[in-house]
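Text of protein-v7.txt, listed as compact mmCIF, C-alpha atoms:
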# COMPACT_ATOMS: atom_id res chain seq x y z
CA MET Z 1 -25.72 33.30 -85.51
CA ARG Z 2 -22.55 34.28 -87.30
CA ILE Z 3 -22.48 36.59 -90.34
CA LEU Z 4 -19.82 35.19 -92.67
CA ASP Z 5 -20.07 37.78 -95.43
CA LYS Z 6 -22.19 40.88 -95.86
CA ASP Z 7 -22.73 42.81 -99.08
CA ALA Z 8 -26.23 44.15 -98.50
CA ASN Z 9 -25.82 46.76 -101.27
CA ASN Z 10 -25.67 43.92 -103.78
CA GLY Z 11 -28.28 41.95 -101.90
CA ASN Z 12 -26.00 39.19 -100.58
CA ILE Z 13 -25.55 38.12 -96.95
CA ARG Z 14 -24.04 34.79 -95.94
CA ILE Z 15 -24.78 33.42 -92.48
CA MET Z 16 -24.01 30.42 -90.27
CA LEU Z 17 -26.73 29.00 -88.01
CA GLU Z 18 -25.08 28.30 -84.66
CA ALA Z 19 -28.05 27.81 -82.30
CA ASP Z 20 -31.68 26.66 -82.42
CA GLU Z 21 -32.87 30.26 -82.15
CA ASP Z 22 -31.00 31.17 -85.35
CA VAL Z 23 -33.40 28.98 -87.34
CA TRP Z 24 -36.28 31.09 -86.00
CA HIS Z 25 -34.48 34.31 -86.89
CA LEU Z 26 -33.88 32.96 -90.42
CA PHE Z 27 -37.61 32.22 -90.77
CA ASN Z 28 -38.35 35.86 -89.92
CA VAL Z 29 -35.72 37.23 -92.32
CA LEU Z 30 -36.59 35.19 -95.41
CA THR Z 31 -39.47 36.24 -97.64
CA VAL Z 32 -41.11 34.80 -100.74
CA GLY Z 33 -39.01 35.75 -103.79
CA ASP Z 34 -35.61 35.58 -102.08
CA LEU Z 35 -32.86 33.45 -103.61
CA VAL Z 36 -31.41 31.05 -101.03
CA THR Z 37 -28.25 29.08 -101.79
CA ALA Z 38 -27.04 26.21 -99.62
CA SER Z 39 -25.60 22.72 -99.63
CA THR Z 40 -28.24 20.01 -99.99
CA THR Z 41 -28.78 16.52 -101.34
CA ARG Z 42 -30.65 15.57 -104.52
CA ARG Z 43 -30.82 12.51 -106.69
CA GLU Z 44 -28.34 12.67 -109.54
CA GLU Z 45 -29.73 12.99 -113.05
CA LYS Z 46 -29.60 9.87 -115.19
CA ALA Z 47 -28.81 10.59 -118.83
CA ALA Z 48 -30.01 7.20 -120.01
CA ASP Z 49 -33.55 5.92 -119.93
CA LYS Z 50 -35.14 8.98 -118.34
CA LEU Z 51 -38.60 7.57 -119.04
CA ARG Z 52 -37.97 4.75 -116.59
CA ALA Z 53 -38.47 5.56 -112.90
CA GLU Z 54 -34.89 4.83 -111.97
CA ARG Z 55 -33.92 5.96 -108.45
CA SER Z 56 -30.25 6.92 -108.25
CA GLU Z 57 -28.37 7.67 -105.06
CA LYS Z 58 -28.61 11.11 -103.55
CA LYS Z 59 -25.63 13.34 -104.14
CA ARG Z 60 -24.52 16.42 -102.15
CA MET Z 61 -24.52 19.63 -104.18
CA THR Z 62 -25.03 23.38 -103.83
CA LEU Z 63 -28.35 24.68 -105.12
CA GLY Z 64 -29.96 28.10 -105.21
CA ILE Z 65 -33.75 28.15 -105.00
CA ARG Z 66 -36.23 31.00 -105.41
CA VAL Z 67 -38.38 30.90 -102.25
CA GLU Z 68 -42.07 30.10 -102.71
CA LYS Z 69 -43.06 28.72 -99.30
CA MET Z 70 -41.61 28.30 -95.79
CA GLU Z 71 -42.54 26.08 -92.85
CA PHE Z 72 -41.00 26.42 -89.38
CA SER Z 73 -41.21 23.46 -87.00
CA GLU Z 74 -40.87 24.38 -83.33
CA ASP Z 75 -40.74 20.72 -82.25
CA ASP Z 76 -37.50 19.82 -84.01
CA ILE Z 77 -36.31 23.42 -84.72
CA ARG Z 78 -36.12 23.08 -88.49
CA LEU Z 79 -37.04 25.38 -91.35
CA ARG Z 80 -38.27 23.91 -94.64
CA VAL Z 81 -37.93 26.24 -97.64
CA LEU Z 82 -39.62 25.20 -100.88
CA GLY Z 83 -38.87 26.82 -104.22
CA VAL Z 84 -37.70 26.49 -107.82
CA ILE Z 85 -34.04 25.71 -108.52
CA GLU Z 86 -32.32 28.66 -110.25
CA THR Z 87 -28.61 27.91 -109.74
CA GLY Z 88 -26.73 24.66 -109.42
CA PRO Z 89 -25.35 21.73 -111.41
CA GLN Z 90 -28.72 20.20 -112.40
CA ASP Z 91 -32.53 20.31 -112.48
CA ILE Z 92 -32.84 24.04 -113.18
CA GLY Z 93 -36.52 25.00 -113.13
CA GLN Z 94 -37.60 22.08 -110.94
CA HIS Z 95 -38.84 22.31 -107.37
CA HIS Z 96 -36.66 21.46 -104.40
CA THR Z 97 -36.93 21.76 -100.61
CA LEU Z 98 -34.04 23.02 -98.49
CA ILE Z 99 -34.13 22.01 -94.82
CA PHE Z 100 -32.19 24.28 -92.45
CA GLU Z 101 -30.99 23.51 -88.94
CA THR Z 102 -28.04 24.44 -86.73
CA GLY Z 103 -24.65 24.18 -88.43
CA ASP Z 104 -25.90 25.19 -91.89
CA ASP Z 105 -24.13 27.79 -94.05
CA ILE Z 106 -26.60 29.85 -96.13
CA LEU Z 107 -26.32 32.60 -98.74
CA ILE Z 108 -29.39 34.88 -98.86
CA THR Z 109 -29.88 37.14 -101.87
CA LYS Z 110 -32.60 39.80 -101.84
CA THR Z 111 -33.53 42.51 -104.29
CA LYS Z 112 -33.57 44.88 -101.31
CA TRP Z 113 -32.91 44.25 -97.64
CA LYS Z 114 -35.33 45.97 -95.27
CA ASP Z 115 -33.86 47.81 -92.31
CA SER Z 116 -35.90 45.58 -90.01
CA GLN Z 117 -34.40 42.45 -91.58
CA LEU Z 118 -30.85 43.73 -91.15
CA GLU Z 119 -31.63 44.60 -87.54
CA ARG Z 120 -33.01 41.08 -87.06
CA LEU Z 121 -29.69 39.59 -88.16
CA ASP Z 122 -27.77 41.92 -85.85
CA ARG Z 123 -30.09 40.95 -83.02
CA ALA Z 124 -29.51 37.26 -83.71
CA VAL Z 125 -25.75 37.78 -83.44
CA ARG Z 126 -26.16 39.69 -80.16
CA ASP Z 127 -28.61 37.25 -78.63
CA SER Z 128 -26.46 34.23 -79.46
CA ARG Z 129 -24.04 35.39 -76.76
CA LYS Z 130 -26.74 35.35 -74.07
CA PRO Z 131 -27.51 32.24 -72.02
CA LYS Z 132 -30.89 30.57 -72.13
CA ILE Z 133 -32.86 30.25 -68.92
CA LEU Z 134 -34.03 26.97 -67.40
CA PHE Z 135 -37.19 27.04 -65.26
CA VAL Z 136 -38.35 24.45 -62.74
CA SER Z 137 -41.83 25.41 -61.60
CA LEU Z 138 -42.91 23.11 -58.77
CA ASP Z 139 -44.93 22.39 -55.67
CA GLN Z 140 -45.12 19.24 -53.56
CA ASP Z 141 -47.20 17.40 -56.19
CA ASP Z 142 -45.83 18.34 -59.64
CA ALA Z 143 -42.82 19.93 -61.33
CA THR Z 144 -42.77 21.50 -64.79
CA ILE Z 145 -39.45 22.03 -66.56
CA ALA Z 146 -39.29 24.68 -69.28
CA VAL Z 147 -36.61 26.50 -71.26
CA LEU Z 148 -36.77 30.16 -72.25
CA ARG Z 149 -35.51 30.54 -75.80
CA GLN Z 150 -35.20 33.70 -77.86
CA PHE Z 151 -38.57 33.07 -79.49
CA GLY Z 152 -40.59 31.81 -76.55
CA LEU Z 153 -41.07 29.39 -73.69
CA LYS Z 154 -40.83 25.67 -74.37
CA GLU Z 155 -42.28 23.17 -71.91
CA ILE Z 156 -39.91 20.20 -71.69
CA ALA Z 157 -41.41 17.83 -69.12
CA THR Z 158 -43.86 17.45 -66.24
CA ILE Z 159 -42.96 15.23 -63.29
CA ARG Z 160 -45.36 13.85 -60.68
CA SER Z 161 -44.18 13.43 -57.09
CA MET Z 162 -46.47 10.39 -56.44
CA ARG Z 163 -46.55 11.36 -52.78
CA SER Z 164 -50.19 10.42 -52.38
CA GLY Z 165 -49.36 6.71 -52.57
CA LYS Z 166 -48.44 4.48 -49.62
CA GLN Z 167 -45.70 2.37 -51.16
CA TYR Z 168 -42.81 4.53 -49.93
CA ASP Z 169 -42.28 6.68 -46.88
CA GLU Z 170 -42.31 10.47 -47.33
CA ARG Z 171 -38.51 10.86 -47.33
CA SER Z 172 -38.13 8.20 -50.00
CA LYS Z 173 -40.79 9.83 -52.15
CA GLU Z 174 -39.10 13.24 -51.91
CA ASP Z 175 -35.76 11.70 -52.90
CA ARG Z 176 -37.32 9.98 -55.92
CA TYR Z 177 -39.18 13.16 -56.92
CA HIS Z 178 -36.09 15.35 -56.75
CA SER Z 179 -33.90 12.71 -58.40
CA GLU Z 180 -36.25 12.56 -61.37
CA ILE Z 181 -36.21 16.37 -61.67
CA LEU Z 182 -32.41 16.30 -61.53
CA SER Z 183 -32.26 13.67 -64.29
CA LYS Z 184 -34.31 15.94 -66.58
CA ILE Z 185 -32.29 19.06 -65.76
CA GLU Z 186 -28.79 17.58 -66.27
CA PRO Z 187 -28.91 17.23 -70.09
CA LEU Z 188 -30.48 20.69 -70.47
CA ALA Z 189 -28.26 22.78 -68.20
CA ALA Z 190 -25.28 24.44 -69.88
CA ASP Z 191 -22.45 26.57 -68.56
CA ASN Z 192 -23.61 29.99 -67.32
CA MET Z 193 -27.27 29.04 -67.79
CA PRO Z 194 -29.44 30.49 -64.98
CA ILE Z 195 -31.68 27.91 -63.29
CA VAL Z 196 -34.84 29.48 -61.86
CA LEU Z 197 -36.81 27.54 -59.26
CA LEU Z 198 -40.28 28.90 -58.59
CA GLY Z 199 -43.67 28.04 -57.13
CA PRO Z 200 -45.71 28.24 -53.95
CA GLY Z 201 -44.64 26.67 -50.65
CA PHE Z 202 -41.19 25.44 -49.66
CA GLU Z 203 -40.54 22.67 -52.19
CA LYS Z 204 -38.39 24.96 -54.34
CA GLU Z 205 -36.07 25.79 -51.42
CA SER Z 206 -35.57 22.10 -50.67
CA LEU Z 207 -34.75 21.39 -54.34
CA ALA Z 208 -32.38 24.38 -54.45
CA THR Z 209 -30.36 22.89 -51.58
CA GLU Z 210 -30.05 19.57 -53.40
CA LEU Z 211 -29.07 21.20 -56.70
CA LYS Z 212 -26.34 23.24 -55.03
CA SER Z 213 -25.03 20.10 -53.33
CA ALA Z 214 -24.96 18.41 -56.75
CA GLY Z 215 -22.72 21.20 -58.11
CA PHE Z 216 -25.25 23.26 -60.04
CA LYS Z 217 -24.59 27.01 -60.12
CA GLY Z 218 -26.63 30.07 -61.00
CA ILE Z 219 -29.62 28.92 -58.93
CA HIS Z 220 -32.36 31.55 -58.39
CA VAL Z 221 -35.41 30.96 -56.18
CA HIS Z 222 -38.67 32.94 -56.53
CA HIS Z 223 -42.09 32.65 -54.96
CA THR Z 224 -45.14 32.56 -57.24
CA GLY Z 225 -48.78 31.95 -56.46
CA GLN Z 226 -48.97 28.94 -58.79
CA SER Z 227 -46.68 26.29 -60.22
CA GLY Z 228 -46.55 24.88 -63.76
CA MET Z 229 -46.36 27.05 -66.88
CA VAL Z 230 -48.87 29.43 -65.30
CA GLY Z 231 -46.29 30.13 -62.60
CA VAL Z 232 -43.52 30.75 -65.13
CA ASN Z 233 -45.66 33.26 -67.02
CA GLU Z 234 -46.62 34.88 -63.71
CA LEU Z 235 -42.94 35.29 -62.82
CA ILE Z 236 -42.12 36.95 -66.13
CA LYS Z 237 -45.20 39.15 -66.43
CA THR Z 238 -45.00 40.56 -62.91
CA GLY Z 239 -41.33 41.45 -63.33
CA MET Z 240 -40.18 39.08 -60.58
CA GLY Z 241 -36.65 37.95 -61.27
CA ALA Z 242 -36.14 40.96 -63.53
CA ASN Z 243 -32.36 40.85 -63.11
CA ILE Z 244 -32.31 37.30 -64.50
CA LEU Z 245 -34.74 38.00 -67.32
CA ARG Z 246 -33.27 41.34 -68.38
CA GLU Z 247 -30.76 39.62 -70.66
CA SER Z 248 -33.51 37.54 -72.24
CA SER Z 249 -35.27 38.94 -75.30
CA VAL Z 250 -38.45 37.06 -74.39
CA GLY Z 251 -38.43 38.50 -70.88
CA VAL Z 252 -38.14 42.02 -72.30
CA GLU Z 253 -40.91 41.33 -74.83
CA MET Z 254 -43.34 39.90 -72.29
CA GLU Z 255 -42.74 42.76 -69.87
CA ALA Z 256 -43.34 45.33 -72.64
CA VAL Z 257 -46.59 43.70 -73.77
CA GLU Z 258 -47.79 43.51 -70.16
CA ARG Z 259 -47.12 47.24 -69.79
CA LEU Z 260 -48.93 47.95 -73.08
CA MET Z 261 -52.00 45.98 -72.00
CA CYS Z 262 -52.00 47.71 -68.61
CA GLU Z 263 -51.88 51.18 -70.21
CA ILE Z 264 -54.62 50.32 -72.69
CA GLY Z 265 -56.76 48.92 -69.87
CA LYS Z 266 -56.66 52.18 -67.96
CA ASP Z 267 -56.85 54.39 -71.08
CA GLY Z 268 -53.30 55.55 -70.39
CA LEU Z 269 -50.17 56.15 -72.44
CA ALA Z 270 -50.73 53.54 -75.14
CA THR Z 271 -52.54 53.04 -78.43
CA TYR Z 272 -53.08 50.37 -81.08
CA GLY Z 273 -54.39 50.07 -84.61
CA PRO Z 274 -52.48 51.13 -87.77
CA ASN Z 275 -54.11 54.55 -88.16
CA GLU Z 276 -53.77 55.47 -84.49
CA ILE Z 277 -50.12 54.37 -84.37
CA ARG Z 278 -49.25 56.23 -87.59
CA SER Z 279 -50.89 59.40 -86.25
CA ALA Z 280 -48.99 59.11 -82.96
CA ALA Z 281 -45.71 58.50 -84.83
CA ASP Z 282 -46.22 61.55 -87.05
CA ALA Z 283 -46.77 63.62 -83.90
CA GLY Z 284 -43.59 62.31 -82.28
CA ALA Z 285 -45.59 60.73 -79.45
CA VAL Z 286 -44.37 57.11 -79.77
CA ASP Z 287 -41.88 56.04 -77.12
CA THR Z 288 -41.85 52.31 -78.00
CA LEU Z 289 -43.45 50.53 -80.94
CA LEU Z 290 -44.29 46.85 -80.40
CA ILE Z 291 -44.60 44.83 -83.62
CA LEU Z 292 -45.39 41.14 -83.99
CA ASP Z 293 -42.69 39.34 -86.00
CA SER Z 294 -45.28 37.92 -88.42
CA LYS Z 295 -46.47 41.48 -89.10
CA LEU Z 296 -42.97 42.40 -90.28
CA ARG Z 297 -42.92 39.36 -92.56
CA GLU Z 298 -46.27 40.28 -94.10
CA GLN Z 299 -45.96 44.08 -94.43
CA ASP Z 300 -43.30 46.66 -95.25
CA LEU Z 301 -43.24 48.86 -92.15
CA ASP Z 302 -39.78 50.37 -92.62
CA ASN Z 303 -41.15 53.90 -93.15
CA LEU Z 304 -43.05 53.75 -89.87
CA ILE Z 305 -40.02 52.34 -88.07
CA ARG Z 306 -37.72 55.03 -89.50
CA THR Z 307 -40.16 57.76 -88.44
CA ILE Z 308 -40.20 56.51 -84.86
CA GLU Z 309 -36.45 55.91 -84.64
CA SER Z 310 -35.70 59.37 -86.07
CA GLN Z 311 -37.52 60.77 -83.02
CA GLN Z 312 -35.45 58.64 -80.61
CA GLY Z 313 -38.27 56.16 -80.21
CA LYS Z 314 -37.62 52.44 -79.80
CA VAL Z 315 -38.93 49.50 -81.84
CA LEU Z 316 -39.41 46.10 -80.21
CA VAL Z 317 -40.16 43.03 -82.34
CA ILE Z 318 -42.35 40.56 -80.43
CA SER Z 319 -42.26 36.82 -81.08
CA GLY Z 320 -45.61 35.24 -81.82
CA GLN Z 321 -44.50 32.01 -80.14
CA HIS Z 322 -45.22 33.02 -76.55
CA ASP Z 323 -48.37 34.13 -74.70
CA SER Z 324 -47.59 37.84 -74.89
CA GLY Z 325 -47.16 37.59 -78.64
CA LYS Z 326 -50.63 36.08 -78.86
CA GLU Z 327 -52.00 38.99 -76.80
CA LEU Z 328 -50.41 41.47 -79.21
CA SER Z 329 -51.81 39.51 -82.16
CA ALA Z 330 -55.31 40.06 -80.75
CA LEU Z 331 -54.66 43.82 -81.05
CA GLY Z 332 -53.82 43.46 -84.75
CA GLY Z 333 -50.11 42.76 -84.28
CA MET Z 334 -49.03 46.28 -83.29
CA GLY Z 335 -49.21 48.57 -80.28
CA ALA Z 336 -47.39 51.67 -79.10
CA LEU Z 337 -46.35 53.00 -75.71
CA LEU Z 338 -46.63 56.79 -75.78
CA ARG Z 339 -44.60 59.67 -74.39
CA TYR Z 340 -47.71 61.73 -73.78
CA LYS Z 341 -51.46 61.47 -74.16
CA ARG Z 342 -52.79 62.68 -77.50
As structure tokens, the full file:
Amino acid sequence: MRILDKDANNGNIRIMLEADEDVWHLFNVLTVGDLVTASTTRREEKAADKLRAERSEKKRMTLGIRVEKMEFSEDDIRLRVLGVIETGPQDIGQHHTLIFETGDDILITKTKWKDSQLERLDRAVRDSRKPKILFVSLDQDDATIAVLRQFGLKEIATIRSMRSGKQYDERSKEDRYHSEILSKIEPLAADNMPIVLLGPGFEKESLATELKSAGFKGIHVHHTGQSGMVGVNELIKTGMGANILRESSVGVEMEAVERLMCEIGKDGLATYGPNEIRSAADAGAVDTLLILDSKLREQDLDNLIRTIESQQGKVLVISGQHDSGKELSALGGMGALLRYKR
């Protein structure tokens, strides 16, 4: 994400969406009641014969709409924002839907920007400089390819080795299996993107040799008890490959939630529930507050956040799009790691 202009005192911030993840950040920053101004297309008004259902061509124009509803699509990484037109050359007072994706230039106007929303924009700018991570989780039978984005893991494809058949000899089957994996990886891999191969057995080492021969760089190999998406989550949750995942916001989030659940499980240095967290914050006992992103959209928690940060505590916003976010949601959307037992 790029911030093009910032005048938060007057409620105006203009941004450019530069990556898929920026659309997710925008979804978490916008709230009902905001004024959003962007370029869009709408059918031009016809002065004559307005009673007749005449369909004119769509014309590009800049419209400002007052947000009433938002829908984020993870499949095609788009954000639909529905609202009433307040500024623009035509149709004031009518409904319109703005659709945002990478490359869009957007002006957001709020009555008041929350500290957490401003931090979210700063985080989006920081995270845009970090590479994504490509996972290939495999054994001798199947390979799952997934990408770690800033808001969660996305499974891209599953490939079968077909080694149980008798049509080809074993060497031929391995070549076909690895070639198909390579064909799926090539369009996904970008410069400086770490490629993590994981799973049980020795299939990952064999694939690593082939990838290096094909010119791929940044290859990391890790052993896990299982393959597939279960193996990827195992790798992240157990802290294996921590050096690779440290630069990933999702890796940090999943590790923090795993630590929270562990501490709660042994009645250790953790708590959850709004009253318990507020009490711990007032006592200066909160080391790290974990908040689900949807919780920040639904509630104003700036006072709680300021209390914790004023005591040198940390606040970590957790995406609800990955498994750890769902675990935190089951706790009510918030949890706290403590400095000491209360």
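CA of Trp24 in chain Z to CA of Arg297 in chain Z spans 12.5 Å [interatomic distance, one decimal].
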(request) Could you tell me which of Z:Phe202, Z:Phe216, Z:Tyr340, Z:Tyr177 comes closest to Glu263 in chain Z if we count all atoms listed in the file? (result) Z:Tyr340
Around all of range 79-98 of chain Z's listed atoms, make the axis-aligned box with 3 Å on each side and tell me centre and edge lengths in Å to one decimal, as lines of an AutoDock Vina configuration file.
center_x = -32.5
center_y = 24.4
center_z = -102.3
size_x = 20.3
size_y = 14.5
size_z = 27.8
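Residue nearest Glu309 in chain Z, chosen from Z:Met70, Z:Leu197, Z:Val32, Z:Val286 and counting all atoms listed in the file: Z:Val286.
Considering the residues Z:Leu296, Z:Lys217, Z:Phe100, Z:Ala208 and counting all atoms listed in the file, Ala190 in chain Z has its shortest atom-to-atom contact with Z:Lys217.
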(request) Write out as a VMD selection string which residues come within 8 Å of Lys59 in chain Z when counting all atoms listed in the file, dropping same-chain ones fewer than 3 positions away. (result) chain Z and resid 41 to 44
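Within 6 Å of the point (-45.1, 54.3, -77.8), counting only C-alpha atoms, the protein and nucleic acid residues come to Val286, Asp287, Thr288, Leu289, Ala336, Leu337 and Leu338 of chain Z.
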(request) Compile the contact shell of Met16 in chain Z as a ChimeraX atom specification: residues with an atom at most 8 Å away, counting all atoms listed in the file, same-chain residues fewer than 6 positions apart removed. (result) /Z:1-4,103-106
(message) For a test of reading the model, state the distance in Å between CA of Met229 in chain Z and CA of Ser324 in chain Z, rounded to one decimal.
(response) 13.5 Å
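Across the structure, CA of Gly218 in chain Z and CA of Ile133 in chain Z are spaced 10.1 Å apart.
Using only C-alpha atoms for every distance, the candidate list Z:Val81, Z:Asp7, Z:Ile277, Z:Val29 yields Z:Val29 as the residue closest to Glu119 in chain Z.
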(request) Find the residues near range 220-225 of chain Z: any atom within 8 Å, counting all atoms listed in the file, skip ones fewer than 3 places away on the same chain, and give them as a list of chain:residue names. (result) Z:Pro194, Z:Ile195, Z:Val196, Z:Leu197, Z:Leu198, Z:Gly199, Z:Pro200, Z:Gly201, Z:Lys204, Z:Glu205, Z:Ala208, Z:Gly231, Z:Glu234, Z:Leu235, Z:Met240, Z:Gly241
Put those residues in a file: C-alpha atoms, as a tab-separated table (two decimals), in the coordinates of the input.
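To be explicit, this is the file written out as out.tsv:
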chain	number	residue	atom	x	y	z
Z	194	PRO	CA	-29.44	30.49	-64.98
Z	195	ILE	CA	-31.68	27.91	-63.29
Z	196	VAL	CA	-34.84	29.48	-61.86
Z	197	LEU	CA	-36.81	27.54	-59.26
Z	198	LEU	CA	-40.28	28.90	-58.59
Z	199	GLY	CA	-43.67	28.04	-57.13
Z	200	PRO	CA	-45.71	28.24	-53.95
Z	201	GLY	CA	-44.64	26.67	-50.65
Z	204	LYS	CA	-38.39	24.96	-54.34
Z	205	GLU	CA	-36.07	25.79	-51.42
Z	208	ALA	CA	-32.38	24.38	-54.45
Z	231	GLY	CA	-46.29	30.13	-62.60
Z	234	GLU	CA	-46.62	34.88	-63.71
Z	235	LEU	CA	-42.94	35.29	-62.82
Z	240	MET	CA	-40.18	39.08	-60.58
Z	241	GLY	CA	-36.65	37.95	-61.27
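Here the question is which of Z:Ser249, Z:Gln90, Z:Ser294, Z:Thr97 gets nearest to Ala124 in chain Z using all atoms listed in the file, and that residue is Z:Ser249.
Residue nearest Thr109 in chain Z, chosen from Z:Ile65, Z:Ala283, Z:Leu138, Z:Ala330 and counting all atoms listed in the file: Z:Ile65.
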